[in-house]
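J.: Structure: coords13.txt, compact mmCIF, C-alpha atoms and all ligand atoms.
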```
# COMPACT_ATOMS: atom_id res chain seq x y z
CA MET A 238 -23.81 -45.94 81.08
CA THR A 239 -26.20 -47.97 78.99
CA LEU A 240 -25.29 -49.59 75.69
CA LYS A 241 -27.56 -47.19 73.89
CA ALA A 242 -25.85 -44.20 75.39
CA SER A 243 -22.46 -45.53 74.51
CA LEU A 244 -23.49 -46.12 70.91
CA PHE A 245 -24.88 -42.60 70.66
CA SER A 246 -21.70 -41.19 72.03
CA GLY A 247 -19.72 -42.96 69.29
CA LEU A 248 -21.61 -41.26 66.41
CA LYS A 249 -21.09 -37.61 65.66
CA ASP A 250 -23.39 -35.41 63.59
CA LYS A 251 -22.37 -35.41 59.90
CA ARG A 252 -22.78 -32.74 57.19
CA VAL A 253 -24.05 -34.38 54.04
CA PRO A 254 -24.34 -32.55 50.64
CA CYS A 255 -27.82 -31.55 49.51
CA ARG A 256 -29.19 -33.90 46.90
CA THR A 257 -30.44 -31.10 44.72
CA ARG A 258 -28.19 -30.84 41.69
CA GLY A 259 -26.34 -27.60 41.70
CA CYS A 260 -26.92 -26.92 45.39
CA LYS A 261 -23.81 -26.44 47.49
CA ASN A 262 -25.59 -26.61 50.85
CA THR A 263 -25.51 -29.51 53.30
CA TRP A 264 -27.95 -31.03 55.74
CA THR A 265 -27.17 -32.49 59.15
CA PHE A 266 -27.19 -36.24 59.52
CA THR A 267 -27.53 -36.53 63.30
CA GLY A 268 -25.96 -39.33 65.30
CA GLU A 269 -29.37 -40.59 66.24
CA ASP A 270 -30.47 -40.73 62.62
CA GLN A 271 -27.29 -42.45 61.64
CA LEU A 272 -27.90 -45.12 64.24
CA ARG A 273 -31.41 -45.75 62.99
CA TRP A 274 -30.09 -45.86 59.46
CA MET A 275 -27.51 -48.46 60.42
CA ARG A 276 -30.07 -50.57 62.17
CA GLU A 277 -32.00 -50.71 58.88
CA GLY A 278 -28.86 -52.14 57.35
CA LYS A 279 -28.07 -49.16 55.11
CA THR A 280 -24.54 -47.95 54.66
CA ASP A 281 -24.72 -44.92 52.29
CA PRO A 282 -26.23 -41.79 53.83
CA PRO A 283 -29.75 -41.03 52.60
CA GLU A 284 -30.35 -38.62 49.71
CA ARG A 285 -31.87 -35.59 51.33
CA MET A 286 -32.24 -31.94 50.64
CA CYS A 287 -30.78 -29.13 52.63
CA PRO A 288 -33.38 -27.33 54.78
CA GLU A 289 -33.47 -24.45 52.32
CA CYS A 290 -34.15 -26.73 49.35
CA TYR A 291 -36.65 -28.68 51.33
CA ALA A 292 -38.61 -25.55 52.20
CA LYS A 293 -38.56 -24.46 48.58
CA TYR A 294 -39.50 -27.94 47.44
CA ASN A 295 -42.60 -27.87 49.57
CA GLU A 296 -43.67 -24.62 48.02
CA LEU A 297 -43.36 -26.03 44.48
CA GLU A 298 -45.76 -28.21 42.60
CA ASP A 299 -45.30 -30.49 39.65
CA ARG A 300 -46.06 -28.59 36.50
CA GLU A 301 -47.56 -29.89 33.27
CA VAL A 302 -45.71 -28.45 30.31
CA PRO A 303 -47.01 -28.71 26.71
CA CYS A 304 -45.19 -31.20 24.53
CA ALA A 305 -42.46 -29.59 22.38
CA ASN A 306 -44.08 -31.19 19.35
CA GLU A 307 -46.34 -28.38 18.25
CA ALA A 308 -48.71 -30.75 16.58
CA CYS A 309 -49.19 -32.70 19.83
CA LYS A 310 -51.66 -31.80 22.54
CA GLY A 311 -49.88 -33.88 25.16
CA THR A 312 -47.86 -32.64 28.09
CA TRP A 313 -44.91 -33.76 30.14
CA THR A 314 -44.45 -33.33 33.86
CA TRP A 315 -41.92 -30.87 35.10
CA SER A 316 -41.41 -32.37 38.53
CA LYS A 317 -40.90 -30.41 41.72
CA ALA A 318 -37.38 -31.82 42.03
CA ALA A 319 -36.48 -30.86 38.48
CA ARG A 320 -37.96 -27.41 39.04
CA LEU A 321 -35.91 -27.01 42.17
CA ALA A 322 -32.71 -27.99 40.36
CA ALA A 323 -33.59 -25.54 37.59
CA LEU A 324 -34.16 -22.81 40.17
CA LYS A 325 -30.68 -23.49 41.54
CA ARG A 326 -29.37 -22.68 38.06
CA GLY A 327 -31.47 -19.55 38.00
CA GLN A 328 -34.03 -20.98 35.58
CA THR A 329 -37.68 -20.39 36.30
CA GLU A 330 -39.01 -21.55 32.92
CA PRO A 331 -39.19 -25.18 31.79
CA PRO A 332 -36.52 -26.34 29.33
CA HIS A 333 -37.26 -26.15 25.62
CA GLY A 334 -37.62 -29.09 23.34
CA VAL A 335 -38.98 -31.63 25.78
CA LEU A 336 -41.48 -34.10 24.35
CA CYS A 337 -44.40 -35.79 26.02
CA LYS A 338 -44.02 -39.47 26.78
CA ALA A 339 -45.90 -40.62 23.67
CA CYS A 340 -43.83 -38.44 21.39
CA ARG A 341 -40.65 -39.59 23.10
CA GLU A 342 -41.60 -43.16 22.30
CA ARG A 343 -42.36 -42.33 18.71
CA SER A 344 -39.11 -40.39 18.34
CA LYS A 345 -37.30 -43.70 18.72
CA VAL A 346 -38.32 -44.58 15.18
CA VAL A 347 -37.50 -41.14 13.77
CA GLU A 348 -34.00 -40.99 12.34
CA ARG A 349 -31.50 -38.43 13.37
CA LEU A 350 -30.29 -36.16 10.62
CA GLU A 351 -26.83 -34.92 9.76
CA VAL A 352 -27.03 -31.23 8.88
CA PRO A 353 -24.26 -29.18 7.25
CA CYS A 354 -22.54 -26.66 9.51
CA ARG A 355 -23.85 -23.14 9.03
CA VAL A 356 -20.35 -21.71 8.76
CA ARG A 357 -19.51 -21.03 5.13
CA GLY A 358 -16.40 -22.89 4.15
CA CYS A 359 -16.91 -25.62 6.78
CA SER A 360 -17.77 -29.06 5.48
CA ASN A 361 -18.60 -30.59 8.87
CA THR A 362 -22.08 -31.56 9.98
CA TRP A 363 -24.00 -31.50 13.23
CA VAL A 364 -26.63 -33.97 14.34
CA TRP A 365 -30.27 -33.00 14.46
CA THR A 366 -31.51 -35.54 16.94
CA ALA A 367 -34.70 -37.54 16.58
CA GLU A 368 -36.07 -35.78 19.67
CA GLU A 369 -35.43 -32.38 18.16
CA ARG A 370 -37.02 -33.44 14.89
CA MET A 371 -40.05 -34.70 16.76
CA ALA A 372 -40.23 -31.38 18.54
CA ALA A 373 -40.03 -29.52 15.26
CA ASP A 374 -42.69 -31.33 13.26
CA GLY A 375 -43.75 -34.44 15.13
CA GLY A 376 -41.33 -36.54 13.12
CA GLN A 377 -43.08 -35.73 9.82
CA GLY A 378 -39.88 -34.57 8.17
CA THR A 379 -41.59 -31.36 7.03
CA ALA A 380 -39.58 -28.89 9.06
CA SER A 381 -36.22 -27.74 7.81
CA PRO A 382 -33.37 -28.05 10.29
CA PRO A 383 -32.27 -25.00 12.24
CA VAL A 384 -29.20 -23.06 11.18
CA ARG A 385 -26.46 -24.27 13.47
CA MET A 386 -22.71 -24.65 13.75
CA CYS A 387 -20.87 -27.95 14.01
CA ASP A 388 -19.23 -28.73 17.35
CA GLU A 389 -15.80 -27.84 16.07
CA CYS A 390 -16.92 -24.44 14.82
CA TYR A 391 -18.85 -23.80 17.98
CA GLY A 392 -15.73 -24.56 20.02
CA ARG A 393 -13.70 -22.11 18.01
CA TRP A 394 -16.44 -19.51 18.03
CA ARG A 395 -16.58 -19.67 21.83
CA ASP A 396 -12.86 -18.93 22.07
CA LEU A 397 -13.10 -15.94 19.77
CA ALA A 398 -14.04 -12.40 20.71
CA ASP A 399 -15.56 -9.65 18.58
CA ARG A 400 -12.87 -7.24 17.48
CA GLN A 401 -12.92 -3.55 16.64
CA GLU A 402 -11.05 -3.00 13.42
CA PRO A 403 -9.94 0.36 11.95
CA CYS A 404 -11.96 1.93 9.15
CA ARG A 405 -10.28 1.46 5.77
CA VAL A 406 -10.62 5.12 4.94
CA SER A 407 -7.24 6.66 5.58
CA GLY A 408 -7.47 9.46 8.09
CA CYS A 409 -10.66 8.09 9.68
CA GLU A 410 -10.49 7.17 13.34
CA GLY A 411 -13.65 5.09 13.16
CA THR A 412 -13.82 1.35 13.61
CA TRP A 413 -16.11 -1.50 12.61
CA MET A 414 -16.84 -4.73 14.40
CA TRP A 415 -15.28 -7.91 13.10
CA THR A 416 -17.64 -10.33 14.76
CA ARG A 417 -16.73 -13.78 15.99
CA GLY A 418 -18.90 -15.27 13.27
CA MET A 419 -17.06 -13.35 10.57
CA GLN A 420 -13.71 -14.33 12.05
CA LEU A 421 -14.80 -17.94 12.11
CA GLU A 422 -15.77 -17.92 8.44
CA ALA A 423 -12.57 -16.12 7.50
CA GLY A 424 -10.57 -18.70 9.45
CA ARG A 425 -12.29 -21.52 7.57
CA LYS A 426 -11.06 -19.93 4.34
CA GLY A 427 -7.56 -19.67 5.77
CA VAL A 428 -7.78 -15.90 6.20
CA THR A 429 -6.43 -14.55 9.46
CA SER A 430 -6.42 -10.81 8.87
CA PRO A 431 -9.63 -8.77 8.82
CA PRO A 432 -11.03 -7.50 5.52
CA ARG A 433 -10.74 -3.81 4.65
CA ARG A 434 -14.02 -2.20 5.65
CA LEU A 435 -15.60 1.12 6.32
CA CYS A 436 -16.78 2.28 9.73
CA ALA A 437 -20.52 2.92 10.04
CA ALA A 438 -20.13 6.68 9.62
CA CYS A 439 -18.07 6.34 6.46
CA GLY A 440 -20.46 3.67 5.21
CA GLU A 441 -23.31 6.13 5.57
CA VAL A 442 -21.44 8.81 3.65
CA LEU A 443 -20.61 6.25 0.97
CA ASP A 444 -24.25 5.25 0.62
CA GLY A 445 -25.17 8.82 -0.25
CA LEU A 446 -22.59 9.02 -3.02
CA GLU A 447 -22.33 7.82 -6.58
CA ASP A 448 -19.33 7.01 -8.73
CA LYS A 449 -18.51 10.08 -10.81
CA GLU A 450 -16.89 10.40 -14.20
CA GLN A 451 -14.03 12.85 -14.15
CA PRO A 452 -12.18 14.39 -17.10
CA CYS A 453 -8.69 13.12 -17.84
CA ARG A 454 -6.07 15.52 -16.51
CA VAL A 455 -4.19 15.40 -19.80
CA ARG A 456 -5.02 18.52 -21.78
CA GLY A 457 -6.66 17.72 -25.08
CA CYS A 458 -7.79 14.26 -23.97
CA LYS A 459 -11.52 13.60 -24.04
CA GLY A 460 -11.16 10.48 -21.89
CA THR A 461 -12.54 10.13 -18.39
CA TRP A 462 -11.82 8.14 -15.26
CA VAL A 463 -14.17 7.02 -12.53
CA TRP A 464 -13.95 8.74 -9.17
CA THR A 465 -15.29 5.93 -7.01
CA ARG A 466 -17.55 6.46 -4.03
CA LEU A 467 -14.82 5.14 -1.77
CA ALA A 468 -12.26 7.56 -3.18
CA GLN A 469 -14.78 10.36 -2.64
CA VAL A 470 -15.22 9.38 1.00
CA GLU A 471 -11.45 9.37 1.39
CA ALA A 472 -11.20 12.80 -0.21
CA LYS A 473 -13.87 14.10 2.19
CA ARG A 474 -11.98 12.68 5.18
CA ALA A 475 -8.75 14.17 3.90
CA GLY A 476 -10.47 17.54 4.05
CA ASP A 477 -10.33 18.93 0.53
CA GLY A 478 -13.20 16.94 -0.95
CA GLY A 479 -12.32 17.77 -4.53
CA PRO A 480 -11.46 15.18 -7.17
CA PRO A 481 -7.76 14.51 -7.74
CA HIS A 482 -6.14 15.29 -11.09
CA ARG A 483 -5.84 11.95 -12.74
CA MET A 484 -5.31 10.44 -16.15
CA CYS A 485 -7.75 8.20 -17.97
CA ASP A 486 -6.68 4.58 -18.38
CA ALA A 487 -5.68 5.06 -22.01
CA CYS A 488 -3.42 7.99 -21.14
CA TYR A 489 -1.96 6.08 -18.24
CA GLU A 490 -1.06 3.20 -20.57
CA ARG A 491 0.47 5.55 -23.14
CA MET A 492 2.33 7.42 -20.41
CA LYS A 493 3.93 4.22 -19.19
CA GLY A 494 5.69 3.83 -22.52
CA LEU A 495 7.16 7.33 -22.39
CA GLU A 496 10.16 8.90 -20.71
CA ASP A 497 11.07 12.49 -19.98
CA ARG A 498 13.47 13.68 -22.70
CA GLN A 499 16.03 16.47 -22.55
CA GLN A 500 15.73 18.89 -25.46
CA PRO A 501 18.17 21.62 -26.61
CA CYS A 502 17.36 25.20 -25.73
CA ARG A 503 15.91 27.06 -28.71
CA ILE A 504 18.17 30.03 -28.10
CA LYS A 505 21.01 29.72 -30.59
CA GLY A 506 24.32 29.54 -28.85
CA CYS A 507 22.85 28.19 -25.60
CA LYS A 508 24.07 24.74 -24.61
CA ASN A 509 21.42 24.12 -21.95
CA THR A 510 18.50 21.74 -22.23
CA TRP A 511 14.93 21.58 -20.93
CA ALA A 512 12.89 18.54 -19.95
CA TRP A 513 10.26 17.48 -22.43
CA THR A 514 8.11 15.66 -19.86
CA ARG A 515 6.01 12.61 -20.52
CA THR A 516 2.88 14.66 -19.92
CA MET A 517 3.99 17.25 -22.47
CA GLN A 518 4.78 14.48 -24.98
CA LEU A 519 1.39 12.92 -24.39
CA GLU A 520 -0.44 16.22 -24.73
CA GLY A 521 1.52 16.98 -27.90
CA SER A 522 0.72 13.62 -29.45
CA LEU A 523 -2.98 14.12 -28.73
CA ARG A 524 -2.75 17.26 -30.87
CA GLY A 525 -0.98 15.32 -33.59
CA ARG A 526 2.46 16.64 -32.78
CA THR A 527 5.24 14.14 -32.48
CA ALA A 528 8.23 16.47 -32.58
CA ALA A 529 9.37 18.31 -29.48
CA PRO A 530 8.35 21.98 -29.37
CA ARG A 531 11.09 24.58 -29.57
CA ARG A 532 11.59 25.94 -26.11
CA MET A 533 14.00 27.91 -24.06
CA CYS A 534 15.90 26.41 -21.14
CA ASP A 535 14.85 27.72 -17.73
CA GLU A 536 17.83 30.03 -17.57
CA CYS A 537 17.09 31.61 -20.95
CA ALA A 538 13.38 31.83 -20.18
CA ALA A 539 14.26 33.86 -17.09
CA ALA A 540 16.91 35.96 -18.86
CA VAL A 541 14.63 36.87 -21.77
CA THR A 542 12.13 38.50 -19.42
CA ARG A 543 14.83 40.96 -18.34
CA LEU A 544 15.30 42.12 -21.92
CA VAL A 545 12.96 44.30 -24.00
CA ASP A 546 12.43 44.37 -27.73
CA ARG A 547 14.38 47.14 -29.40
CA ASP A 548 13.97 49.05 -32.68
CA ALA A 549 17.10 48.55 -34.75
CA PRO A 550 17.87 50.70 -37.83
CA CYS A 551 17.45 49.30 -41.31
CA LYS A 552 20.78 48.26 -42.83
CA HIS A 553 20.03 50.33 -45.90
CA GLU A 554 21.65 53.71 -45.83
CA GLY A 555 19.06 56.40 -46.41
CA CYS A 556 16.19 54.26 -45.12
CA GLY A 557 14.69 55.61 -41.93
CA GLY A 558 12.89 52.35 -41.25
CA THR A 559 13.58 50.06 -38.33
CA TRP A 560 13.05 46.37 -37.57
CA ASN A 561 12.18 44.70 -34.30
CA TRP A 562 15.25 43.30 -32.56
CA THR A 563 13.38 41.01 -30.20
CA ALA A 564 14.47 40.19 -26.67
CA GLU A 565 15.01 36.63 -27.79
CA MET A 566 17.25 37.67 -30.69
CA GLN A 567 19.22 39.86 -28.30
CA LEU A 568 19.61 36.92 -25.91
CA SER A 569 20.71 34.71 -28.76
CA ALA A 570 23.38 37.25 -29.74
CA GLU A 571 24.51 37.46 -26.15
CA ARG A 572 24.74 33.67 -25.79
CA ALA A 573 26.69 33.46 -29.06
CA GLY A 574 29.12 36.08 -27.76
CA ARG A 575 28.10 38.70 -30.31
CA GLY A 576 27.50 41.40 -27.71
CA ASN A 577 24.54 43.73 -27.74
CA GLU A 578 24.93 45.40 -31.14
CA PRO A 579 22.07 44.52 -33.50
CA PRO A 580 23.01 42.66 -36.67
CA ARG A 581 22.64 44.30 -40.07
CA ARG A 582 19.13 43.80 -41.32
CA MET A 583 16.65 45.54 -43.49
CA CYS A 584 13.38 46.97 -42.28
CA ALA A 585 10.07 45.39 -43.15
CA ALA A 586 9.30 48.01 -45.79
CA CYS A 587 12.57 47.29 -47.64
CA GLU A 588 11.97 43.60 -47.39
CA LYS A 589 8.47 43.99 -48.76
CA PHE A 590 9.69 46.15 -51.66
CA LEU A 591 12.29 43.55 -52.64
CA GLU A 592 9.71 40.84 -52.57
CA GLU A 593 7.24 42.69 -54.73
CA VAL A 594 9.35 44.19 -57.48
CA ARG A 595 10.75 42.28 -60.45
CA PRO A 596 14.00 42.99 -62.28
CA VAL A 597 13.26 45.34 -65.19
CA SER A 598 14.74 45.15 -68.67
CA LEU A 599 15.94 48.58 -70.00
CA ALA A 600 17.70 49.66 -73.21
CA CYS A 601 21.11 51.41 -73.08
CA SER A 602 20.58 55.00 -74.15
CA SER A 603 23.88 54.95 -75.99
CA CYS A 604 24.14 51.57 -77.75
CA GLY A 605 20.62 50.20 -77.28
CA LYS A 606 21.84 46.99 -75.60
CA GLU A 607 19.67 45.46 -72.92
CA ILE A 608 20.38 46.48 -69.34
CA LEU A 609 18.93 44.53 -66.38
CA TRP A 610 17.72 46.84 -63.60
CA THR A 611 17.97 44.61 -60.48
CA THR A 612 15.50 44.70 -57.60
CA GLN A 613 18.30 45.89 -55.31
CA GLY A 614 19.06 48.71 -57.81
CA GLN A 615 15.40 49.66 -57.86
CA LEU A 616 15.35 49.77 -54.03
CA MET A 617 18.47 51.94 -53.92
CA ALA A 618 16.89 54.23 -56.49
CA ARG A 619 13.78 54.43 -54.32
CA LEU A 620 15.90 55.36 -51.34
CA GLY A 621 17.49 58.10 -53.48
CA LYS A 622 20.92 56.56 -53.35
CA TRP A 623 21.23 55.40 -56.94
CA VAL A 624 19.53 56.48 -60.14
CA ARG A 625 17.76 54.48 -62.82
CA PRO A 626 20.58 53.22 -65.12
CA SER A 627 20.69 54.58 -68.71
CA LEU A 628 23.98 53.13 -69.99
CA CYS A 629 25.18 49.57 -70.30
CA ALA A 630 28.37 48.56 -68.49
CA ASP A 631 30.47 48.84 -71.66
CA CYS A 632 29.26 52.32 -72.54
CA ARG A 633 29.70 53.37 -68.95
CA LYS A 634 33.30 52.18 -68.96
CA ALA A 635 33.96 54.22 -72.10
CA MET A 636 32.80 57.42 -70.44
CA SER A 637 34.73 59.53 -67.98
CA PRO A 638 34.24 58.72 -64.30
CA ALA A 639 32.66 62.13 -63.74
CA ASP A 640 29.88 61.39 -66.22
CA VAL A 641 28.80 58.15 -64.59
CA GLU A 642 28.72 59.36 -61.00
CA GLY A 643 25.71 58.15 -59.17
CA GLN A 644 24.77 55.40 -61.60
CA GLY A 645 25.90 52.51 -59.38
CA GLN A 646 26.45 49.09 -60.70
CA SER A 647 23.84 47.07 -62.47
ZN ZN O 701 -30.15 -27.70 48.84
ZN ZN O 702 -46.29 -35.16 22.45
ZN ZN O 703 -18.35 -26.09 11.25
ZN ZN O 704 -14.50 5.67 8.71
ZN ZN O 705 -6.68 10.78 -21.15
ZN ZN O 706 19.11 28.48 -23.10
ZN ZN O 707 14.74 50.03 -45.00
ZN ZN O 708 25.58 50.71 -74.05
```
Transcribe the structure of this file into structure tokens.
T.:
Amino acid sequence: MTLKASLFSGLKDKRVPCRTRGCKNTWTFTGEDQLRWMREGKTDPPERMCPECYAKYNELEDREVPCANEACKGTWTWSKAARLAALKRGQTEPPHGVLCKACRERSKVVERLEVPCRVRGCSNTWVWTAEERMAADGGQGTASPPVRMCDECYGRWRDLADRQEPCRVSGCEGTWMWTRGMQLEAGRKGVTSPPRRLCAACGEVLDGLEDKEQPCRVRGCKGTWVWTRLAQVEAKRAGDGGPPHRMCDACYERMKGLEDRQQPCRIKGCKNTWAWTRTMQLEGSLRGRTAAPRRMCDECAAAVTRLVDRDAPCKHEGCGGTWNWTAEMQLSAERAGRGNEPPRRMCAACEKFLEEVRPVSLACSSCGKEILWTTQGQLMARLGKWVRPSLCADCRKAMSPADVEGQGQS
């Protein structure tokens, strides 16, 4: 065995990683190659490409790419090796923002710029590098910086995910997207829960609507309240679609100062009460009434419907007239324990007669003294019960009872 052979036998083929960045392949460093390599005094393995990369590399050519500075006509060289590495990352187009050599040199005198973070509520900055500024306007300072987040915000933004949030309209199943950007801004303001928003469908309905003035639900009030677009959308979702019955602000304020008040039943003899509600009080006050109305309790209101008005005879003997004994009067009598016999009362005709006539002054037919003919006496005379008096009380007394029959008292 020669020396050479023995040396060969000591070196095994080695798999060495491909030099192309991002390539996971290897190439074979043969024993023979290793030996030659050692003879040249080198220790580290050479930087080589895997066969695949090498084949690709040979297909590629250096490419001249226009300078990122739009005002510059220069180019920079996108080398085969760089192109290959880019290909390994799946990129077929040259990177953005690369300057030509001349511009790169000049960018060394352009100052970098600190730009406020785009996230509202964040006071951090991010650095607009000299190279980027050169690319934007050739270092003239004419271009405004791009809208960008600071590193901190970007880090947070990356960890966030867009979220579907429920529509704020009750009864709606729809959702809206709370984007990462919105979450980030909310977080900067210390807000962790999503805002109350409409889903797209509800938003569309809302857009087609207008706030509407609605009359106050309190009878007699001329005030109005605003039925908002949002409330209208909610009403539509709830199914009925009509405006609710609501008070105007003024009524609401007045109502707050009121309380329901128990009032006595208007039926005499009844001990029950009825509730004079705040709404009733408010409605009354709008009509200028401050006192509670006279009302029946629920029980009496029900009982009175079972009774009917009755004609009751006039209390005056000989009068065929009647008066109306109302259901309510009957109920009152019942409640007071007076049974169902009508009280003694005169008819309307008798009442009217008494109101219209005046006492009349007459002269005694015997002594000539003045006699007063009362209104009651006149009524009794009209009913045929008494006669018009002709004697004064003294003369009457002096006569025999038989002579004064039918004269009545005066
Ligand atoms: Zn490779
Ligand atoms: Zn350039
Ligand atoms: Zn920020
Ligand atoms: Zn909705
Ligand atoms: Zn009102
Ligand atoms: Zn009652
Ligand atoms: Zn009568
Ligand atoms: Zn007389």
J.: Counting only C-alpha atoms and all ligand atoms, which of A:Arg258, A:Lys426, A:Arg341, A:Arg300 gets nearest to ligand ZN 703 (chain O)?
T.: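 For ligand ZN 703 (chain O), the nearest of the given residues is A:Lys426.
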J.: Can you measure CA of Glu471 (chain A) to CA of Met414 (chain A) for me? One decimal in Å is fine.
T.: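 One can read the CA of Glu471 (chain A) to CA of Met414 (chain A) distance as 19.9 Å.
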J.: Hey, which residues come within 7 Å of ligand ZN 702 (chain O) if we count only C-alpha atoms and all ligand atoms? Could you give them as a ChimeraX atom specification?
T.: /A:304-306,309-312,336-340
J.: Rounded to one decimal, what separation in Å do you get between CA of Ala468 (chain A) and CA of Gly445 (chain A)?
T.: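 Taking CA of Ala468 (chain A) and CA of Gly445 (chain A), their separation equals 13.3 Å.
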J.: For Pro353 (chain A), please output as a PyMOL selection string all residues within 12 Å (counting only C-alpha atoms; exclusion window: fewer than 4 positions along the same chain).
T.: chain A and resi 357-365+382-388+390
J.: At what distance in Å, to one decimal, does CA of Val347 (chain A) lie from CA of Asp374 (chain A)?
T.: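 Between CA of Asp374 (chain A) and CA of Val347 (chain A) the gap works out to 11.1 Å.
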